[in-house]
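Trainee: Provided herewith: target23.cif, mmCIF, C-alpha atoms.
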data_query
#
loop_
_atom_site.label_atom_id
_atom_site.label_comp_id
_atom_site.auth_asym_id
_atom_site.auth_seq_id
_atom_site.Cartn_x
_atom_site.Cartn_y
_atom_site.Cartn_z
CA MET A 19 1.48 4.04 -106.50
CA SER A 20 -0.50 4.62 -103.35
CA ALA A 21 -1.80 7.29 -100.97
CA PHE A 22 -1.20 8.16 -97.33
CA VAL A 23 -3.77 9.63 -94.94
CA SER A 24 -2.79 12.48 -92.64
CA TRP A 25 -4.02 10.76 -89.48
CA SER A 26 -5.13 12.22 -86.15
CA GLY A 27 -7.23 9.23 -85.10
CA GLY A 28 -10.42 11.29 -85.37
CA LYS A 29 -13.56 11.15 -87.47
CA ASP A 30 -12.54 13.57 -90.23
CA CYS A 31 -9.36 11.78 -91.35
CA MET A 32 -11.31 8.50 -91.18
CA TYR A 33 -14.11 9.84 -93.31
CA ALA A 34 -11.70 11.48 -95.75
CA MET A 35 -10.10 8.07 -96.25
CA HIS A 36 -13.53 6.46 -96.68
CA ARG A 37 -14.62 8.93 -99.34
CA PHE A 38 -11.27 8.84 -101.11
CA LEU A 39 -11.55 5.07 -101.53
CA LEU A 40 -15.03 5.51 -103.05
CA GLN A 41 -13.75 7.93 -105.68
CA SER A 42 -10.25 6.63 -106.48
CA GLU A 43 -8.54 3.45 -107.67
CA LEU A 44 -5.44 4.29 -105.63
CA PRO A 45 -4.96 2.14 -102.50
CA VAL A 46 -4.22 3.70 -99.11
CA SER A 47 -0.86 2.36 -97.97
CA HIS A 48 0.03 4.51 -94.95
CA LEU A 49 -1.43 6.49 -92.08
CA VAL A 50 0.87 9.34 -91.07
CA ASN A 51 0.46 10.47 -87.48
CA MET A 52 2.48 13.36 -86.05
CA CYS A 53 3.09 12.90 -82.29
CA ASP A 54 4.49 15.09 -79.56
CA GLU A 55 8.18 14.99 -78.69
CA THR A 56 7.84 12.03 -76.34
CA GLY A 57 6.20 9.93 -79.06
CA LEU A 58 3.62 8.82 -76.49
CA LYS A 59 0.83 11.24 -77.27
CA SER A 60 -0.69 12.06 -80.61
CA GLY A 61 -0.76 15.79 -81.43
CA SER A 62 -3.45 18.07 -80.07
CA HIS A 63 -5.82 15.31 -79.02
CA GLY A 64 -3.43 13.98 -76.36
CA LEU A 65 -4.24 10.43 -77.50
CA ASP A 66 -2.28 7.38 -76.36
CA SER A 67 -0.07 6.42 -79.33
CA ALA A 68 -0.94 2.74 -78.82
CA LEU A 69 -4.56 3.56 -79.67
CA ILE A 70 -3.49 4.92 -83.04
CA LYS A 71 -1.48 1.72 -83.56
CA ALA A 72 -4.61 -0.31 -82.82
CA GLN A 73 -6.59 1.67 -85.43
CA ALA A 74 -3.93 1.09 -88.10
CA GLU A 75 -3.94 -2.62 -87.29
CA GLN A 76 -7.72 -2.90 -87.64
CA LEU A 77 -7.60 -0.88 -90.87
CA ASN A 78 -4.76 -3.05 -92.28
CA VAL A 79 -2.77 0.03 -93.15
CA GLU A 80 0.87 0.65 -92.26
CA LEU A 81 1.33 3.33 -89.63
CA VAL A 82 4.08 5.96 -89.57
CA GLN A 83 4.25 7.85 -86.27
CA LYS A 84 6.63 10.78 -86.21
CA PRO A 85 7.51 12.58 -82.97
CA THR A 86 8.06 16.30 -83.41
CA SER A 87 8.32 19.57 -81.56
CA LYS A 88 6.11 22.40 -82.77
CA SER A 89 9.01 24.33 -84.24
CA GLN A 90 10.21 21.29 -86.21
CA TYR A 91 6.71 20.24 -87.31
CA ARG A 92 7.06 21.38 -90.90
CA ALA A 93 10.57 19.94 -91.30
CA ASN A 94 9.55 16.61 -89.75
CA PHE A 95 6.40 16.40 -91.86
CA ILE A 96 8.40 17.02 -95.02
CA GLU A 97 11.04 14.47 -94.02
CA THR A 98 8.41 11.82 -93.28
CA ILE A 99 6.40 12.31 -96.47
CA SER A 100 9.54 12.55 -98.62
CA LYS A 101 10.55 9.07 -97.44
CA LEU A 102 7.12 7.72 -98.38
CA LYS A 103 7.36 9.39 -101.77
CA ASN A 104 10.54 7.42 -102.41
CA GLU A 105 8.53 4.27 -101.71
CA GLY A 106 5.94 5.20 -104.35
CA VAL A 107 3.41 7.15 -102.30
CA THR A 108 2.18 9.86 -104.64
CA THR A 109 -0.90 11.26 -102.92
CA GLY A 110 -1.87 12.61 -99.50
CA ILE A 111 -5.41 12.55 -98.11
CA PHE A 112 -6.46 15.30 -95.71
CA GLY A 113 -9.67 15.68 -93.68
CA ASP A 114 -9.88 19.46 -93.81
CA ILE A 115 -13.33 20.87 -94.59
CA TYR A 116 -13.15 24.65 -94.95
CA LEU A 117 -10.19 26.24 -93.19
CA GLU A 118 -8.35 27.94 -96.05
CA ALA A 119 -5.14 28.62 -94.10
CA HIS A 120 -4.73 24.91 -93.26
CA ARG A 121 -5.33 23.91 -96.84
CA GLU A 122 -2.82 26.43 -98.12
CA TRP A 123 -0.17 25.14 -95.73
CA ILE A 124 -0.78 21.56 -96.84
CA GLU A 125 -0.76 22.45 -100.53
CA GLU A 126 2.47 24.38 -100.19
CA VAL A 127 4.23 21.63 -98.27
CA CYS A 128 2.97 18.88 -100.60
CA THR A 129 4.10 20.87 -103.64
CA GLU A 130 7.56 21.17 -102.08
CA ILE A 131 7.68 17.38 -101.57
CA GLY A 132 6.10 16.53 -104.90
CA VAL A 133 3.01 14.67 -103.72
CA THR A 134 -0.58 15.51 -104.61
CA PRO A 135 -2.87 16.59 -101.77
CA VAL A 136 -6.52 15.52 -101.92
CA PHE A 137 -9.27 16.93 -99.71
CA PRO A 138 -12.27 14.58 -100.02
CA LEU A 139 -14.35 16.52 -97.46
CA TRP A 140 -13.53 20.00 -98.77
CA GLY A 141 -16.56 22.24 -99.16
CA MET A 142 -19.00 19.73 -97.70
CA ASP A 143 -21.73 21.04 -95.43
CA THR A 144 -20.53 20.59 -91.84
CA SER A 145 -24.11 20.22 -90.65
CA GLU A 146 -24.56 17.21 -92.97
CA LEU A 147 -21.18 15.53 -92.57
CA PRO A 148 -21.81 14.01 -89.11
CA ASP A 149 -25.08 12.45 -90.39
CA LEU A 150 -23.21 10.86 -93.32
CA PHE A 151 -20.46 9.60 -91.03
CA VAL A 152 -22.99 7.92 -88.75
CA ALA A 153 -25.12 6.60 -91.62
CA ASP A 154 -22.04 5.06 -93.24
CA GLY A 155 -21.47 2.98 -90.13
CA TYR A 156 -18.61 4.75 -88.36
CA LYS A 157 -18.45 4.94 -84.61
CA SER A 158 -16.30 7.43 -82.75
CA MET A 159 -16.06 8.91 -79.29
CA VAL A 160 -15.55 12.47 -78.08
CA VAL A 161 -12.17 12.38 -76.30
CA ALA A 162 -11.51 16.11 -75.87
CA VAL A 163 -13.61 19.28 -75.63
CA ARG A 164 -12.68 22.94 -75.51
CA LYS A 165 -14.09 24.08 -72.19
CA GLU A 166 -15.18 27.49 -73.40
CA LYS A 167 -17.29 25.75 -76.05
CA LEU A 168 -18.63 22.49 -74.58
CA GLY A 169 -19.18 21.14 -71.07
CA GLU A 170 -17.99 17.91 -69.45
CA GLU A 171 -21.23 16.12 -70.38
CA TRP A 172 -20.02 15.94 -74.00
CA LEU A 173 -16.88 14.04 -73.11
CA GLY A 174 -17.10 10.31 -73.82
CA ARG A 175 -20.22 10.62 -75.99
CA ILE A 176 -20.46 8.43 -79.06
CA ILE A 177 -21.17 10.25 -82.35
CA ASP A 178 -24.61 8.85 -83.09
CA GLU A 179 -27.91 10.26 -84.30
CA LYS A 180 -28.75 11.71 -80.91
CA PHE A 181 -25.33 13.36 -80.68
CA VAL A 182 -25.74 14.88 -84.12
CA GLU A 183 -29.16 16.26 -83.17
CA ASP A 184 -27.81 17.69 -79.91
CA ILE A 185 -24.70 19.28 -81.39
CA LYS A 186 -26.71 20.90 -84.17
CA SER A 187 -29.00 22.51 -81.59
CA LEU A 188 -26.09 24.57 -80.29
CA THR A 189 -25.30 27.91 -81.84
CA GLU A 190 -21.69 28.97 -82.36
CA ILE A 191 -20.55 25.34 -82.48
CA ASP A 192 -19.48 23.82 -85.77
CA PRO A 193 -21.22 20.40 -85.76
CA CYS A 194 -18.00 18.91 -87.23
CA ALA A 195 -15.82 20.78 -84.75
CA GLU A 196 -13.65 22.19 -87.53
CA GLN A 197 -12.90 25.10 -85.16
CA GLY A 198 -11.52 22.71 -82.53
CA GLU A 199 -14.66 22.54 -80.41
CA TYR A 200 -14.15 18.81 -79.78
CA HIS A 201 -11.92 15.95 -80.89
CA THR A 202 -12.89 12.36 -81.52
CA PHE A 203 -11.35 8.91 -81.69
CA VAL A 204 -12.67 6.45 -84.28
CA LEU A 205 -13.49 3.07 -82.77
CA ASP A 206 -15.12 1.16 -85.58
CA GLY A 207 -16.53 1.30 -89.08
CA PRO A 208 -16.85 -0.50 -92.40
CA LEU A 209 -13.10 -0.40 -93.12
CA PHE A 210 -12.20 -1.95 -89.73
CA ASN A 211 -11.52 -5.69 -89.25
CA LYS A 212 -13.09 -5.31 -85.86
CA ALA A 213 -13.64 -2.51 -83.36
CA VAL A 214 -10.64 -1.09 -81.49
CA GLU A 215 -10.65 -2.32 -77.90
CA TYR A 216 -10.03 0.21 -75.18
CA ASN A 217 -10.39 0.97 -71.51
CA ILE A 218 -11.67 4.29 -70.28
CA ASN A 219 -9.14 5.75 -67.85
CA GLU A 220 -9.51 9.00 -66.03
CA LYS A 221 -10.59 12.44 -67.16
CA TRP A 222 -7.99 15.17 -67.02
CA GLU A 223 -7.87 18.79 -68.00
CA ASP A 224 -5.74 21.80 -68.66
CA GLU A 225 -6.90 25.40 -68.73
CA CYS A 226 -8.49 25.11 -72.16
CA HIS A 227 -9.54 21.50 -72.64
CA LEU A 228 -11.14 18.54 -70.92
CA TYR A 229 -9.74 15.17 -72.00
CA LEU A 230 -10.90 11.61 -71.60
CA GLU A 231 -8.00 9.20 -71.39
CA LEU A 232 -8.53 5.98 -73.31
CA LYS A 233 -6.00 3.16 -73.06
CA ALA A 234 -5.45 0.60 -75.78
CA ILE A 235 -6.03 -3.03 -74.86
CA THR A 236 -3.18 -4.87 -76.49
CA ALA A 237 -3.23 -8.59 -77.10
CA MET B 10 3.10 37.27 -47.71
CA SER B 11 3.38 37.78 -51.44
CA ALA B 12 1.78 36.98 -54.78
CA PHE B 13 2.84 35.07 -57.89
CA VAL B 14 1.85 35.86 -61.46
CA SER B 15 0.78 33.07 -63.82
CA TRP B 16 3.22 34.03 -66.54
CA SER B 17 3.11 33.34 -70.29
CA GLY B 18 5.43 36.19 -71.28
CA GLY B 19 2.56 38.00 -73.01
CA LYS B 20 0.76 41.29 -72.56
CA ASP B 21 -2.16 40.08 -70.45
CA CYS B 22 -0.14 38.56 -67.60
CA MET B 23 2.08 41.68 -67.67
CA TYR B 24 -0.88 44.01 -67.46
CA ALA B 25 -2.57 41.90 -64.79
CA MET B 26 0.60 42.27 -62.68
CA HIS B 27 0.67 46.01 -63.37
CA ARG B 28 -2.94 46.53 -62.28
CA PHE B 29 -2.58 44.25 -59.28
CA LEU B 30 0.32 46.36 -57.98
CA LEU B 31 -1.82 49.49 -58.32
CA GLN B 32 -4.59 48.04 -56.20
CA SER B 33 -2.77 45.92 -53.62
CA GLU B 34 -0.09 46.30 -50.97
CA LEU B 35 1.10 42.73 -51.57
CA PRO B 36 4.44 42.44 -53.42
CA VAL B 37 4.85 40.15 -56.43
CA SER B 38 7.55 37.62 -55.55
CA HIS B 39 7.34 35.03 -58.35
CA LEU B 40 6.49 34.55 -61.99
CA VAL B 41 5.25 31.00 -62.65
CA ASN B 42 5.77 29.82 -66.22
CA MET B 43 4.59 26.39 -67.36
CA CYS B 44 6.83 25.04 -70.18
CA ASP B 45 6.63 22.08 -72.49
CA GLU B 46 8.28 18.78 -71.58
CA THR B 47 11.68 19.77 -72.92
CA GLY B 48 11.73 22.89 -70.73
CA LEU B 49 12.99 24.84 -73.74
CA LYS B 50 9.73 26.29 -74.97
CA SER B 51 7.09 28.12 -73.01
CA GLY B 52 3.57 26.72 -73.39
CA SER B 53 1.38 27.54 -76.37
CA HIS B 54 3.44 30.52 -77.54
CA GLY B 55 6.46 28.36 -78.35
CA LEU B 56 8.70 31.00 -76.77
CA ASP B 57 12.38 30.44 -76.03
CA SER B 58 12.60 29.87 -72.25
CA ALA B 59 15.63 32.15 -72.05
CA LEU B 60 13.42 35.06 -73.14
CA ILE B 61 11.13 34.47 -70.18
CA LYS B 62 14.22 34.42 -67.93
CA ALA B 63 15.26 37.78 -69.39
CA GLN B 64 11.83 39.24 -68.57
CA ALA B 65 11.98 38.03 -64.96
CA GLU B 66 15.44 39.53 -64.61
CA GLN B 67 14.33 42.94 -65.89
CA LEU B 68 11.25 42.81 -63.66
CA ASN B 69 13.35 41.83 -60.59
CA VAL B 70 11.00 38.94 -59.84
CA GLU B 71 12.02 35.36 -59.18
CA LEU B 72 11.08 32.99 -61.99
CA VAL B 73 9.76 29.46 -61.57
CA GLN B 74 9.70 27.50 -64.83
CA LYS B 75 8.01 24.13 -64.68
CA PRO B 76 8.20 21.65 -67.57
CA THR B 77 5.05 19.59 -67.99
CA SER B 78 3.20 17.33 -70.37
CA LYS B 79 -0.42 18.23 -71.11
CA SER B 80 -1.78 15.32 -69.13
CA GLN B 81 0.28 16.27 -66.06
CA TYR B 82 -0.41 20.00 -66.36
CA ARG B 83 -2.84 20.17 -63.46
CA ALA B 84 -0.69 18.00 -61.18
CA ASN B 85 2.47 19.97 -62.00
CA PHE B 86 0.72 23.30 -61.54
CA ILE B 87 -0.56 22.21 -58.14
CA GLU B 88 2.86 20.90 -57.10
CA THR B 89 4.58 24.14 -58.15
CA ILE B 90 2.14 26.49 -56.45
CA SER B 91 1.97 24.36 -53.31
CA LYS B 92 5.74 24.78 -52.88
CA LEU B 93 5.37 28.54 -53.21
CA LYS B 94 2.55 28.52 -50.70
CA ASN B 95 4.92 26.95 -48.18
CA GLU B 96 7.26 29.89 -48.76
CA GLY B 97 4.49 32.39 -47.92
CA VAL B 98 2.96 33.03 -51.33
CA THR B 99 -0.74 33.47 -50.64
CA THR B 100 -2.13 34.92 -53.85
CA GLY B 101 -2.08 34.17 -57.59
CA ILE B 102 -2.51 36.78 -60.31
CA PHE B 103 -4.11 35.72 -63.60
CA GLY B 104 -4.52 37.69 -66.84
CA ASP B 105 -7.85 36.14 -67.89
CA ILE B 106 -10.45 38.62 -69.12
CA TYR B 107 -13.72 36.82 -69.81
CA LEU B 108 -13.36 33.10 -70.47
CA GLU B 109 -15.47 31.57 -67.70
CA ALA B 110 -14.17 28.02 -68.14
CA HIS B 111 -10.57 29.13 -67.64
CA ARG B 112 -11.49 31.12 -64.58
CA GLU B 113 -13.38 28.20 -63.07
CA TRP B 114 -10.40 25.89 -63.59
CA ILE B 115 -8.07 28.37 -61.90
CA GLU B 116 -10.45 28.97 -59.00
CA GLU B 117 -10.90 25.27 -58.42
CA VAL B 118 -7.17 24.51 -58.50
CA CYS B 119 -6.29 27.49 -56.29
CA THR B 120 -8.95 26.48 -53.77
CA GLU B 121 -7.43 23.00 -53.67
CA ILE B 122 -3.98 24.49 -52.97
CA GLY B 123 -5.23 27.16 -50.58
CA VAL B 124 -4.11 30.28 -52.43
CA THR B 125 -6.34 33.18 -53.49
CA PRO B 126 -6.73 33.79 -57.22
CA VAL B 127 -7.04 37.40 -58.38
CA PHE B 128 -8.12 38.45 -61.89
CA PRO B 129 -7.24 42.15 -62.26
CA LEU B 130 -8.38 42.28 -65.90
CA TRP B 131 -11.62 40.35 -65.42
CA GLY B 132 -14.64 41.96 -67.05
CA MET B 133 -12.66 44.76 -68.66
CA ASP B 134 -13.60 45.84 -72.17
CA THR B 135 -11.27 44.02 -74.58
CA SER B 136 -11.56 46.88 -77.06
CA GLU B 137 -10.20 49.28 -74.43
CA LEU B 138 -7.55 47.12 -72.81
CA PRO B 139 -4.94 47.39 -75.59
CA ASP B 140 -5.22 51.21 -75.48
CA LEU B 141 -4.59 51.19 -71.73
CA PHE B 142 -1.67 48.81 -72.13
CA VAL B 143 -0.04 51.08 -74.70
CA ALA B 144 -0.88 54.29 -72.82
CA ASP B 145 0.68 52.87 -69.64
CA GLY B 146 3.98 52.48 -71.47
CA TYR B 147 4.18 48.76 -72.21
CA LYS B 148 5.71 47.48 -75.40
CA SER B 149 5.12 44.01 -76.75
CA MET B 150 5.48 42.15 -80.02
CA VAL B 151 3.18 39.72 -81.83
CA VAL B 152 5.11 36.43 -81.84
CA ALA B 153 2.36 34.03 -82.97
CA VAL B 154 -0.86 34.27 -85.00
CA ARG B 155 -3.60 31.76 -85.72
CA LYS B 156 -3.53 31.49 -89.48
CA GLU B 157 -7.28 31.16 -89.90
CA LYS B 158 -7.65 34.51 -88.09
CA LEU B 159 -4.68 36.70 -89.01
CA GLY B 160 -2.15 36.80 -91.84
CA GLU B 161 1.63 36.84 -91.81
CA GLU B 162 1.72 40.66 -91.93
CA TRP B 163 0.64 40.75 -88.26
CA LEU B 164 3.63 38.72 -87.09
CA GLY B 165 6.37 40.84 -85.52
CA ARG B 166 4.19 43.93 -85.15
CA ILE B 167 4.60 46.01 -82.01
CA ILE B 168 1.40 46.68 -80.04
CA ASP B 169 1.18 50.44 -80.51
CA GLU B 170 -1.60 52.91 -81.32
CA LYS B 171 -1.57 51.97 -85.00
CA PHE B 172 -1.78 48.27 -84.15
CA VAL B 173 -4.72 48.89 -81.84
CA GLU B 174 -6.51 50.86 -84.53
CA ASP B 175 -5.86 48.15 -87.13
CA ILE B 176 -6.87 45.21 -84.96
CA LYS B 177 -10.10 46.93 -83.93
CA SER B 178 -11.04 47.40 -87.58
CA LEU B 179 -11.29 43.62 -88.00
CA THR B 180 -14.53 41.86 -87.27
CA GLU B 181 -14.50 38.48 -85.54
CA ILE B 182 -11.15 39.23 -83.92
CA ASP B 183 -11.00 39.95 -80.20
CA PRO B 184 -8.66 42.98 -80.02
CA CYS B 185 -7.04 41.41 -76.94
CA ALA B 186 -6.83 37.98 -78.61
CA GLU B 187 -8.55 36.29 -75.67
CA GLN B 188 -9.72 33.67 -78.19
CA GLY B 189 -6.11 32.87 -79.15
CA GLU B 190 -6.02 35.01 -82.30
CA TYR B 191 -2.46 36.10 -81.55
CA HIS B 192 0.16 35.87 -78.82
CA THR B 193 2.59 38.52 -77.68
CA PHE B 194 5.90 38.85 -75.89
CA VAL B 195 6.41 41.82 -73.56
CA LEU B 196 9.65 43.65 -74.27
CA ASP B 197 9.51 46.71 -72.04
CA GLY B 198 7.38 48.79 -69.71
CA PRO B 199 7.35 50.85 -66.51
CA LEU B 200 8.13 47.84 -64.28
CA PHE B 201 11.20 46.84 -66.33
CA ASN B 202 14.76 47.87 -65.38
CA LYS B 203 15.45 48.05 -69.07
CA ALA B 204 14.04 46.53 -72.25
CA VAL B 205 14.60 42.84 -72.91
CA GLU B 206 17.21 42.41 -75.64
CA TYR B 207 16.50 39.96 -78.41
CA ASN B 208 17.37 38.88 -81.91
CA ILE B 209 14.71 38.08 -84.46
CA ASN B 210 15.35 34.60 -85.82
CA GLU B 211 13.30 32.88 -88.45
CA LYS B 212 9.57 32.51 -88.94
CA TRP B 213 8.15 29.02 -88.70
CA GLU B 214 4.70 27.53 -88.84
CA ASP B 215 2.55 24.52 -88.20
CA GLU B 216 -0.87 23.86 -89.68
CA CYS B 217 -2.63 26.31 -87.37
CA HIS B 218 -0.12 28.98 -86.40
CA LEU B 219 2.62 31.20 -87.73
CA TYR B 220 5.41 31.89 -85.24
CA LEU B 221 8.21 34.40 -85.08
CA GLU B 222 11.25 33.03 -83.30
CA LEU B 223 12.94 35.50 -80.97
CA LYS B 224 16.20 34.60 -79.26
CA ALA B 225 17.34 36.09 -76.00
CA ILE B 226 20.62 37.99 -76.01
CA THR B 227 22.35 36.91 -72.83
CA ALA B 228 25.20 38.85 -71.27
#
Please, can you express the file's structure as structure tokens?

Mentor:
Amino acid sequence: MSAFVSWSGGKDCMYAMHRFLLQSELPVSHLVNMCDETGLKSGSHGLDSALIKAQAEQLNVELVQKPTSKSQYRANFIETISKLKNEGVTTGIFGDIYLEAHREWIEEVCTEIGVTPVFPLWGMDTSELPDLFVADGYKSMVVAVRKEKLGEEWLGRIIDEKFVEDIKSLTEIDPCAEQGEYHTFVLDGPLFNKAVEYNINEKWEDECHLYLELKAITA
Amino acid sequence: MSAFVSWSGGKDCMYAMHRFLLQSELPVSHLVNMCDETGLKSGSHGLDSALIKAQAEQLNVELVQKPTSKSQYRANFIETISKLKNEGVTTGIFGDIYLEAHREWIEEVCTEIGVTPVFPLWGMDTSELPDLFVADGYKSMVVAVRKEKLGEEWLGRIIDEKFVEDIKSLTEIDPCAEQGEYHTFVLDGPLFNKAVEYNINEKWEDECHLYLELKAITA
């Protein structure tokens, strides 16, 4: 028996995995990453899929990347997790903190598949979580911001003590970005063999978001 | 000389076009609709592209649908509008109401292309706009909701006086949904030859949104 992590590449799924391993005997066998239809970009973060591969490699966990359209998201998620269930994966780890509607969706879908969802960060104080994440030795970078919430100066920042202080000084911003204020990419931490290597490419934007394009350096 | 409308299929771009035509002598020659990479779904609403075609037909306006990935959104938008500019389109109409970051992006891109952006709804009171939209004879349907904001019972509702009353009774919801609380599809109104015909297909969802799938009825 083992568990999978619902994996975006960002700090919350990383920290959910970290805390799960502290509290459970079950090993983490898979990261499950839903991509866009081209399979090149990971979900809402617009991350290079090769970067996610590099994370899985440094974490020594098997990666499952599943391309999907929005309208087939549920069906593709169920198909992917059902396959893992047949291989003995009994539990799913999710980084959600307080959004009830997300949790309900996950619980419903997991019940349908017959795996147990676990939410190691659920109910934690979002103004304390970033401190814990930093104190526990994780390093991640802001790779996307919602323009109506945060300016360009936040893009590319590392989540460190100064970042945590700065983000907490803002009103109407969840320090953990549970409302989508920013997205991160985890570069390093205690569960990594070594840090993920990357190049910083260009910045790009659409109407709602600014993005920083990172490229994986592959051996 | 003519104008294009930045077209999502929803109430705000429709009403921006309506108000522009009241205040300007310039005709509207094109609707510009950015789609996902498959060209089958329109942007964040996940709308069937054929539905957007049906709207353009009933509005007697030429439709330009441009498939794009997120990372190429800006480049594809610029390419599309630049072509129109060469055909004499001098002005762009946008349905934004108060999100400064969106407006800045549009102004910057339009300046680069050399077309004039116009925001006929800018600064209007979002608790009055839905009343005006209904009073002016437009009819639209809620085709997507953000689950953390609105429940399933809002999906498929027609924007009418009762809807406006109900949505205004909620706190933390922009009645116009400028924060992405819901998305609409315009079915009919004074600028339409006749109402767009559609079938209601199934509901589907991802972690964040509930969607109602409409299908165009084509002759």

Trainee: If you apply the PyMOL selection byres ((chain A and resi 176) around 12) to this file, what residues do you get, as a list in words?

Mentor: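 On this input, the PyMOL selection byres ((chain A and resi 176) around 12) captures Lys29, Pro148, Val152, Tyr156, Lys157, Ser158, Met159, Val160, Val161, Glu171, Trp172, Leu173, Gly174, Arg175, Ile177, Asp178, Glu179, Lys180, Phe181, Val182, Asp184, Ile185, His201, Thr202, Phe203, Val204, Leu205 and Asp206 of chain A.
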
Trainee: Box for stretch 28-44 of chain A - axis-aligned, 3 Å on each of the six sides, all listed atoms - centre and size in Å to one decimal, as lines of an AutoDock Vina configuration file.

Mentor:
center_x = -10.2
center_y = 8.5
center_z = -96.5
size_x = 15.6
size_y = 16.1
size_z = 28.3

Trainee: Got a sec to resolve the PyMOL selection byres ((chain A) within 8 of (chain B)) on this structure and send the residues as a PyMOL selection string?

Mentor: chain A and resi 64+88-89+91-92+117-120+123-124+165-166+222-226

Trainee: With distances taken over only C-alpha atoms, which of B:Leu179, B:Ile122, B:Asn85, B:Leu60 is nearest to B:Ala204?

Mentor: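 Using only C-alpha atoms, the shortest distance to B:Ala204 belongs to B:Leu60.
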
Trainee: Hey, can you check how far atom CA of B:Glu174 sits from atom CA of B:Tyr107?

Mentor: 21.6 Å

Trainee: Interatomic distance between atom CA of B:Ala186 and atom CA of B:Asn42?

Mentor: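 Atom CA of B:Asn42 lies at a distance of 19.5 Å from atom CA of B:Ala186.
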
Trainee: Report the distance between atom CA of A:Leu147 and atom CA of A:Asp192 in Å, rounded to one decimal place.

Mentor: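 Distance reported for this atom pair: 10.9 Å.
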
Trainee: If the PyMOL selection byres ((chain A and resi 48) around 10) were run on this exact file, what residues would it hold? Put them as a list of chain:residue names.

Mentor: A:Ser20, A:Ala21, A:Phe22, A:Val23, A:Ser24, A:Trp25, A:Pro45, A:Val46, A:Ser47, A:Leu49, A:Val50, A:Asn51, A:Ala74, A:Asn78, A:Val79, A:Glu80, A:Leu81, A:Val82, A:Leu102, A:Val107, A:Gly110

Trainee: Leaving out A:Val133 and any residue of its chain fewer than 2 positions from it, which residues lie within 9 Å of it when counting all atoms listed in the file, given as an MDAnalysis selection string?

Mentor: chainID A and resid 99:100 103 107:110 127:131 135

Trainee: So, counting only C-alpha atoms, which residue among B:Gln67, B:Leu141, B:Ser58, B:Gly19 is closest to B:Gly189?

Mentor: B:Gly19

Trainee: Show me as a count of residues only the residues that reach within 7 Å of (6.3, 22.8, -62.4), counting all atoms listed in the file and using the file's own coordinates.

Mentor: 9
